[in-house]
Amino acid sequence: MRSFISSITSLIIISTSSFAQTAHEVSLRKSIDSIFTTYIKNDKIPGAVVQIKKDGNVIYKQAYGYAQKFNYQHKLLAKPDRMTTETLFDIASLTKVIGTTTSIMLLADKGKINVDDPVSKYIKAFGSPDKAAITIRHLLTHTAGLYEWYPLYYRAHNKQEAFKLIGELPLAFPVGAQRKYSDLGFTILGEIVEIVSGLSLDKFEEQNIFIPLGMNNTMYNPLTENKPYNIAATSFGNPYEKEMVYNPALGFQFKEIKPAQWNGWRHYVLKGEVNDGNAWYANGGISGAAGLFTTVDDIQKLVDMLMNKGKVNGQQFITEKTINTFLTKDKFSNGLGWMMDPANAFMRNGPDGTFGHTGFTGTSITVVPNKNISIILLINRQQMGLMENKEYYNVNTIRAAVFKTVMDDL
């Protein structure tokens with residue numbers, strides 16, 4: 001084990017990009033190297049990919065550690081898979097912004113929808129008295145009053161059944177009264193994309209986002225692609241979600257759900273299958289809330305489009321007006337889809353206009369337009385397994401440390 005730990009530093013893989021060696025950038029590199037090598041050596045995370053871009057130039061790009069370190073029995077692999085800057089990650093809730101929010105942006109930009117349209121205009125079930133006031137804006141800002149989480153797969157076996165079930169569930173909170181982060185709202189946004197476009201969500205995104213932006217390594221269900229991707233492994237089945245169903249202390253108990261009534265849990269390391277249970281078990285791996293796999297370079301292409309006010313190679317991909325609409329703070333200090341509250345660890349005390357998002361698997365994006373900086377962190381934290389408290393290691397400490405280092409040094 002000692003030789004394994006000591007080999008960590010040899011697994012730092014630096015991109016072939018040339019980096020300017022200003023004093024600030026040398027300090028930045030040293031600090032971030034220290035952050036990630038320390039957390040890996042201390043067995044907090046197995047690996048990570050980091051990319052920082054400023055003023056149009058990638059100034060930092062590295063991969064650390066391992067894409068997969070353990071087998072299903074949580075035993076160290078004889079030859080752990082090394083992390084590279086090309087590793088494909090399950091980006092979890094970054095799907096909400098990379099895929100779903102961008103899809104809604106495009107449809108709004110083309111006049112196909114309006115963010116203040118009532119959801120009932122597109123989905124009949126939302127015309128019920130309790131849901132009639134819900135708009136697309138409410139879904140985008142997590143203020144629709146929907147359950148924060150629900151094990152859809154206990155009562156739904158495919159996306160149509162999942163959509164129907166969400167429409168039938170009662171509201172948990174008053175519409176528009178508070179922000180309660182909800183996967184269900186973004187699942188419904190995915191349904192709206194399909195209804196308006198006439199395409200499945202994955203096909204719409206492929207044809208209208210990923211191909212036009214050159215995001216050639218962004219997809220749902222990568223194992224169906226028959227390509228030799230280096231994929232970062234996530235969890236050992238879905239132990240945390242199972243805990244959410246079985247453990248009343250977590251606050252996700254529903255009288256109509258009996259934990260033992262469904263037993264489709266996976267019993268293997270997830271590598272190329274989306275970690276999110278609702279996306280996998282109830283939506284075939286394709287959901288507006290989770291499911292995308294991608295690389296740091298592909299994420300950067302979408303981030304660059306947003307930083308350039310919707311322009312790509314001199315052409316307007318999305319109008320600046322629409323970009324500004326989605327990246328304007330609401331009364332809860334967040335944008336449409338994108339988080340903008342500087343209280344969040346990954347953008348703590350960031351300057352006005354800073355935006356980003358996180359993913360449960362350990363991924364995050366932070367964009368600081370005022371400094372023309374973007375930070376992409378991809379961490380496969382779930383490969384370490386659940387801690388004694390039945391939680392995954394909270395990588396907010398890493399996110400906050402990286403963000404502070406970048407802000408201090410650049």
# chains A, B, ... in the order shown; residues from 1 in each chain; ligands from 1
$ select_by_dssp --residues "segment 2-104 of chain A" --states "helix (DSSP H, G or I)" --output "number ranges by chain"
A: 2-6, 8-11, 23-41, 94-104
$ residues_around --residues "segment 387-399 of chain A" --least-positions-apart "2" --cutoff "9 Å" --atoms "only C-alpha atoms" --output "list in words"
Ile35, Phe36, Tyr39, Lys44, Ile45, Pro239, Tyr240, Glu243, Asn344, Ala345, Phe346, Met347, Gly362, Ser364, Leu377, Ile379, Arg381, Gln382, Met384, Gly385, Ala401, Val402, Phe403 and Lys404 of chain A
$ residues_around --residues "segment 163-165 of chain A" --least-positions-apart "6" --cutoff "12 Å" --atoms "only C-alpha atoms" --output "VMD selection string"
chain A and resid 123 to 126 147 150 to 157 184 to 192 194 to 195 278 to 279 282 to 283 287 to 288
$ residues_around --residues "Lys121 of chain A" --least-positions-apart "4" --cutoff "12 Å" --atoms "only C-alpha atoms" --output "PyMOL selection string"
chain A and resi 113-117+125-128+131-136+192+195-196
$ residues_around --residues "Asp341 of chain A" --least-positions-apart "4" --cutoff "9 Å" --atoms "only C-alpha atoms" --output "VMD selection string"
chain A and resid 329 332 to 335 347 to 350 354 to 355
$ closest_residue --among "A:Ser235, A:Thr358, A:Thr85, A:Asn372" --to "Leu410 of chain A" --atoms "only C-alpha atoms"
A:Asn372
$ select_by_dssp --residues "segment 295-395 of chain A" --states "strand (DSSP E or B)" --output "list in words"
Lys311, Val312, Gln315, Gln316, Met339, Phe355, Gly356, His357, Thr358, Thr363, Ser364, Ile365, Thr366, Val367, Val368, Ile373, Ser374, Ile375, Ile376, Leu377, Leu378 and Ile379 of chain A
$ closest_residue --among "A:Gln383, A:Ile365, A:Asn324, A:Gln253" --to "Asn238 of chain A" --atoms "only C-alpha atoms"
A:Gln383
$ residues_around --residues "Glu206 of chain A" --least-positions-apart "6" --cutoff "12 Å" --atoms "only C-alpha atoms" --output "JSON, numbers by chain"
{"A": [98, 99, 100, 102, 103, 199, 200, 212, 213, 214, 215, 216, 217, 218, 219, 220, 292]}
$ atom_distance --atom1 "atom CA of Trp262 of chain A" --atom2 "atom CA of Asn158 of chain A"
14.7 Å
$ decode --residues "segment 32-48 of chain A" --atoms "all heavy atoms" --output "PDB file, in the first residue's frame"
ATOM      1  N   ILE A  32      -2.682  24.110  -6.453  1.00  0.00           N
ATOM      2  CA  ILE A  32      -3.689  23.124  -6.846  1.00  0.00           C
ATOM      3  C   ILE A  32      -3.107  21.719  -6.841  1.00  0.00           C
ATOM      4  O   ILE A  32      -3.772  20.757  -6.432  1.00  0.00           O
ATOM      5  CB  ILE A  32      -4.313  23.502  -8.201  1.00  0.00           C
ATOM      6  CG1 ILE A  32      -5.103  24.807  -8.034  1.00  0.00           C
ATOM      7  CG2 ILE A  32      -5.231  22.389  -8.696  1.00  0.00           C
ATOM      8  CD1 ILE A  32      -5.804  25.283  -9.263  1.00  0.00           C
ATOM      9  N   ASP A  33      -1.878  21.575  -7.266  1.00  0.00           N
ATOM     10  CA  ASP A  33      -1.218  20.272  -7.155  1.00  0.00           C
ATOM     11  C   ASP A  33      -1.253  19.779  -5.716  1.00  0.00           C
ATOM     12  O   ASP A  33      -1.540  18.612  -5.435  1.00  0.00           O
ATOM     13  CB  ASP A  33       0.242  20.367  -7.613  1.00  0.00           C
ATOM     14  CG  ASP A  33       0.396  20.270  -9.113  1.00  0.00           C
ATOM     15  OD1 ASP A  33      -0.588  19.906  -9.784  1.00  0.00           O
ATOM     16  OD2 ASP A  33       1.493  20.554  -9.611  1.00  0.00           O
ATOM     17  N   SER A  34      -0.962  20.681  -4.798  1.00  0.00           N
ATOM     18  CA  SER A  34      -0.935  20.316  -3.386  1.00  0.00           C
ATOM     19  C   SER A  34      -2.307  19.882  -2.903  1.00  0.00           C
ATOM     20  O   SER A  34      -2.438  18.905  -2.151  1.00  0.00           O
ATOM     21  CB  SER A  34      -0.437  21.501  -2.552  1.00  0.00           C
ATOM     22  OG  SER A  34      -0.468  21.182  -1.174  1.00  0.00           O
ATOM     23  N   ILE A  35      -3.349  20.603  -3.341  1.00  0.00           N
ATOM     24  CA  ILE A  35      -4.713  20.259  -2.928  1.00  0.00           C
ATOM     25  C   ILE A  35      -5.058  18.832  -3.335  1.00  0.00           C
ATOM     26  O   ILE A  35      -5.476  18.008  -2.514  1.00  0.00           O
ATOM     27  CB  ILE A  35      -5.732  21.249  -3.540  1.00  0.00           C
ATOM     28  CG1 ILE A  35      -5.597  22.631  -2.902  1.00  0.00           C
ATOM     29  CG2 ILE A  35      -7.162  20.724  -3.360  1.00  0.00           C
ATOM     30  CD1 ILE A  35      -6.366  23.724  -3.629  1.00  0.00           C
ATOM     31  N   PHE A  36      -4.860  18.515  -4.608  1.00  0.00           N
ATOM     32  CA  PHE A  36      -5.320  17.215  -5.105  1.00  0.00           C
ATOM     33  C   PHE A  36      -4.426  16.057  -4.677  1.00  0.00           C
ATOM     34  O   PHE A  36      -4.929  14.973  -4.349  1.00  0.00           O
ATOM     35  CB  PHE A  36      -5.507  17.263  -6.622  1.00  0.00           C
ATOM     36  CG  PHE A  36      -6.770  17.957  -7.004  1.00  0.00           C
ATOM     37  CD1 PHE A  36      -6.768  19.299  -7.328  1.00  0.00           C
ATOM     38  CD2 PHE A  36      -7.980  17.294  -6.972  1.00  0.00           C
ATOM     39  CE1 PHE A  36      -7.943  19.966  -7.638  1.00  0.00           C
ATOM     40  CE2 PHE A  36      -9.162  17.931  -7.281  1.00  0.00           C
ATOM     41  CZ  PHE A  36      -9.148  19.280  -7.607  1.00  0.00           C
ATOM     42  N   THR A  37      -3.127  16.261  -4.659  1.00  0.00           N
ATOM     43  CA  THR A  37      -2.267  15.169  -4.202  1.00  0.00           C
ATOM     44  C   THR A  37      -2.521  14.862  -2.731  1.00  0.00           C
ATOM     45  O   THR A  37      -2.502  13.696  -2.324  1.00  0.00           O
ATOM     46  CB  THR A  37      -0.779  15.501  -4.428  1.00  0.00           C
ATOM     47  OG1 THR A  37      -0.454  16.753  -3.818  1.00  0.00           O
ATOM     48  CG2 THR A  37      -0.459  15.558  -5.909  1.00  0.00           C
ATOM     49  N   THR A  38      -2.810  15.880  -1.946  1.00  0.00           N
ATOM     50  CA  THR A  38      -3.096  15.664  -0.522  1.00  0.00           C
ATOM     51  C   THR A  38      -4.385  14.885  -0.325  1.00  0.00           C
ATOM     52  O   THR A  38      -4.435  13.916   0.449  1.00  0.00           O
ATOM     53  CB  THR A  38      -3.174  17.013   0.223  1.00  0.00           C
ATOM     54  OG1 THR A  38      -1.914  17.670   0.158  1.00  0.00           O
ATOM     55  CG2 THR A  38      -3.558  16.800   1.681  1.00  0.00           C
ATOM     56  N   TYR A  39      -5.451  15.281  -1.004  1.00  0.00           N
ATOM     57  CA  TYR A  39      -6.729  14.593  -0.834  1.00  0.00           C
ATOM     58  C   TYR A  39      -6.673  13.161  -1.355  1.00  0.00           C
ATOM     59  O   TYR A  39      -7.328  12.258  -0.806  1.00  0.00           O
ATOM     60  CB  TYR A  39      -7.857  15.375  -1.531  1.00  0.00           C
ATOM     61  CG  TYR A  39      -8.390  16.510  -0.682  1.00  0.00           C
ATOM     62  CD1 TYR A  39      -7.906  17.802  -0.822  1.00  0.00           C
ATOM     63  CD2 TYR A  39      -9.370  16.278   0.270  1.00  0.00           C
ATOM     64  CE1 TYR A  39      -8.384  18.849  -0.041  1.00  0.00           C
ATOM     65  CE2 TYR A  39      -9.868  17.308   1.065  1.00  0.00           C
ATOM     66  CZ  TYR A  39      -9.369  18.593   0.901  1.00  0.00           C
ATOM     67  OH  TYR A  39      -9.844  19.615   1.689  1.00  0.00           O
ATOM     68  N   ILE A  40      -5.901  12.923  -2.401  1.00  0.00           N
ATOM     69  CA  ILE A  40      -5.768  11.562  -2.916  1.00  0.00           C
ATOM     70  C   ILE A  40      -4.928  10.711  -1.974  1.00  0.00           C
ATOM     71  O   ILE A  40      -5.283   9.577  -1.645  1.00  0.00           O
ATOM     72  CB  ILE A  40      -5.174  11.583  -4.340  1.00  0.00           C
ATOM     73  CG1 ILE A  40      -6.195  12.171  -5.332  1.00  0.00           C
ATOM     74  CG2 ILE A  40      -4.796  10.172  -4.784  1.00  0.00           C
ATOM     75  CD1 ILE A  40      -5.654  12.408  -6.727  1.00  0.00           C
ATOM     76  N   LYS A  41      -3.821  11.242  -1.504  1.00  0.00           N
ATOM     77  CA  LYS A  41      -2.973  10.497  -0.575  1.00  0.00           C
ATOM     78  C   LYS A  41      -3.702  10.156   0.725  1.00  0.00           C
ATOM     79  O   LYS A  41      -3.463   9.111   1.330  1.00  0.00           O
ATOM     80  CB  LYS A  41      -1.707  11.295  -0.252  1.00  0.00           C
ATOM     81  CG  LYS A  41      -0.694  11.324  -1.381  1.00  0.00           C
ATOM     82  CD  LYS A  41       0.514  12.152  -0.990  1.00  0.00           C
ATOM     83  CE  LYS A  41       1.538  12.200  -2.105  1.00  0.00           C
ATOM     84  NZ  LYS A  41       2.718  13.042  -1.736  1.00  0.00           N
ATOM     85  N   ASN A  42      -4.618  11.039   1.121  1.00  0.00           N
ATOM     86  CA  ASN A  42      -5.381  10.812   2.356  1.00  0.00           C
ATOM     87  C   ASN A  42      -6.644   9.987   2.131  1.00  0.00           C
ATOM     88  O   ASN A  42      -7.507   9.894   3.007  1.00  0.00           O
ATOM     89  CB  ASN A  42      -5.731  12.150   3.005  1.00  0.00           C
ATOM     90  CG  ASN A  42      -4.519  12.849   3.582  1.00  0.00           C
ATOM     91  OD1 ASN A  42      -3.523  12.203   3.912  1.00  0.00           O
ATOM     92  ND2 ASN A  42      -4.581  14.162   3.705  1.00  0.00           N
ATOM     93  N   ASP A  43      -6.767   9.403   0.927  1.00  0.00           N
ATOM     94  CA  ASP A  43      -7.890   8.521   0.595  1.00  0.00           C
ATOM     95  C   ASP A  43      -9.250   9.198   0.732  1.00  0.00           C
ATOM     96  O   ASP A  43     -10.238   8.563   1.123  1.00  0.00           O
ATOM     97  CB  ASP A  43      -7.860   7.254   1.452  1.00  0.00           C
ATOM     98  CG  ASP A  43      -6.789   6.276   1.009  1.00  0.00           C
ATOM     99  OD1 ASP A  43      -6.452   6.281  -0.193  1.00  0.00           O
ATOM    100  OD2 ASP A  43      -6.276   5.525   1.854  1.00  0.00           O
ATOM    101  N   LYS A  44      -9.313  10.473   0.399  1.00  0.00           N
ATOM    102  CA  LYS A  44     -10.596  11.170   0.384  1.00  0.00           C
ATOM    103  C   LYS A  44     -11.276  11.030  -0.976  1.00  0.00           C
ATOM    104  O   LYS A  44     -12.493  10.919  -1.058  1.00  0.00           O
ATOM    105  CB  LYS A  44     -10.403  12.645   0.728  1.00  0.00           C
ATOM    106  CG  LYS A  44      -9.798  12.898   2.100  1.00  0.00           C
ATOM    107  CD  LYS A  44     -10.650  12.322   3.206  1.00  0.00           C
ATOM    108  CE  LYS A  44     -10.078  12.668   4.580  1.00  0.00           C
ATOM    109  NZ  LYS A  44     -10.858  12.048   5.672  1.00  0.00           N
ATOM    110  N   ILE A  45     -10.487  11.064  -2.034  1.00  0.00           N
ATOM    111  CA  ILE A  45     -10.990  10.902  -3.397  1.00  0.00           C
ATOM    112  C   ILE A  45     -10.017   9.995  -4.152  1.00  0.00           C
ATOM    113  O   ILE A  45      -8.830   9.936  -3.818  1.00  0.00           O
ATOM    114  CB  ILE A  45     -11.145  12.247  -4.136  1.00  0.00           C
ATOM    115  CG1 ILE A  45      -9.790  12.965  -4.242  1.00  0.00           C
ATOM    116  CG2 ILE A  45     -12.182  13.122  -3.452  1.00  0.00           C
ATOM    117  CD1 ILE A  45      -9.814  14.215  -5.118  1.00  0.00           C
ATOM    118  N   PRO A  46     -10.503   9.298  -5.196  1.00  0.00           N
ATOM    119  CA  PRO A  46      -9.601   8.441  -5.970  1.00  0.00           C
ATOM    120  C   PRO A  46      -8.881   9.175  -7.095  1.00  0.00           C
ATOM    121  O   PRO A  46      -7.760   8.830  -7.465  1.00  0.00           O
ATOM    122  CB  PRO A  46     -10.536   7.376  -6.542  1.00  0.00           C
ATOM    123  CG  PRO A  46     -11.847   8.068  -6.646  1.00  0.00           C
ATOM    124  CD  PRO A  46     -11.908   9.061  -5.524  1.00  0.00           C
ATOM    125  N   GLY A  47      -9.538  10.196  -7.654  1.00  0.00           N
ATOM    126  CA  GLY A  47      -8.935  10.901  -8.776  1.00  0.00           C
ATOM    127  C   GLY A  47      -9.742  12.122  -9.177  1.00  0.00           C
ATOM    128  O   GLY A  47     -10.821  12.379  -8.636  1.00  0.00           O
ATOM    129  N   ALA A  48      -9.204  12.870 -10.134  1.00  0.00           N
ATOM    130  CA  ALA A  48      -9.870  14.099 -10.572  1.00  0.00           C
ATOM    131  C   ALA A  48      -9.258  14.592 -11.874  1.00  0.00           C
ATOM    132  O   ALA A  48      -8.126  14.238 -12.226  1.00  0.00           O
ATOM    133  CB  ALA A  48      -9.744  15.180  -9.501  1.00  0.00           C
TER     134      ALA A  48
END
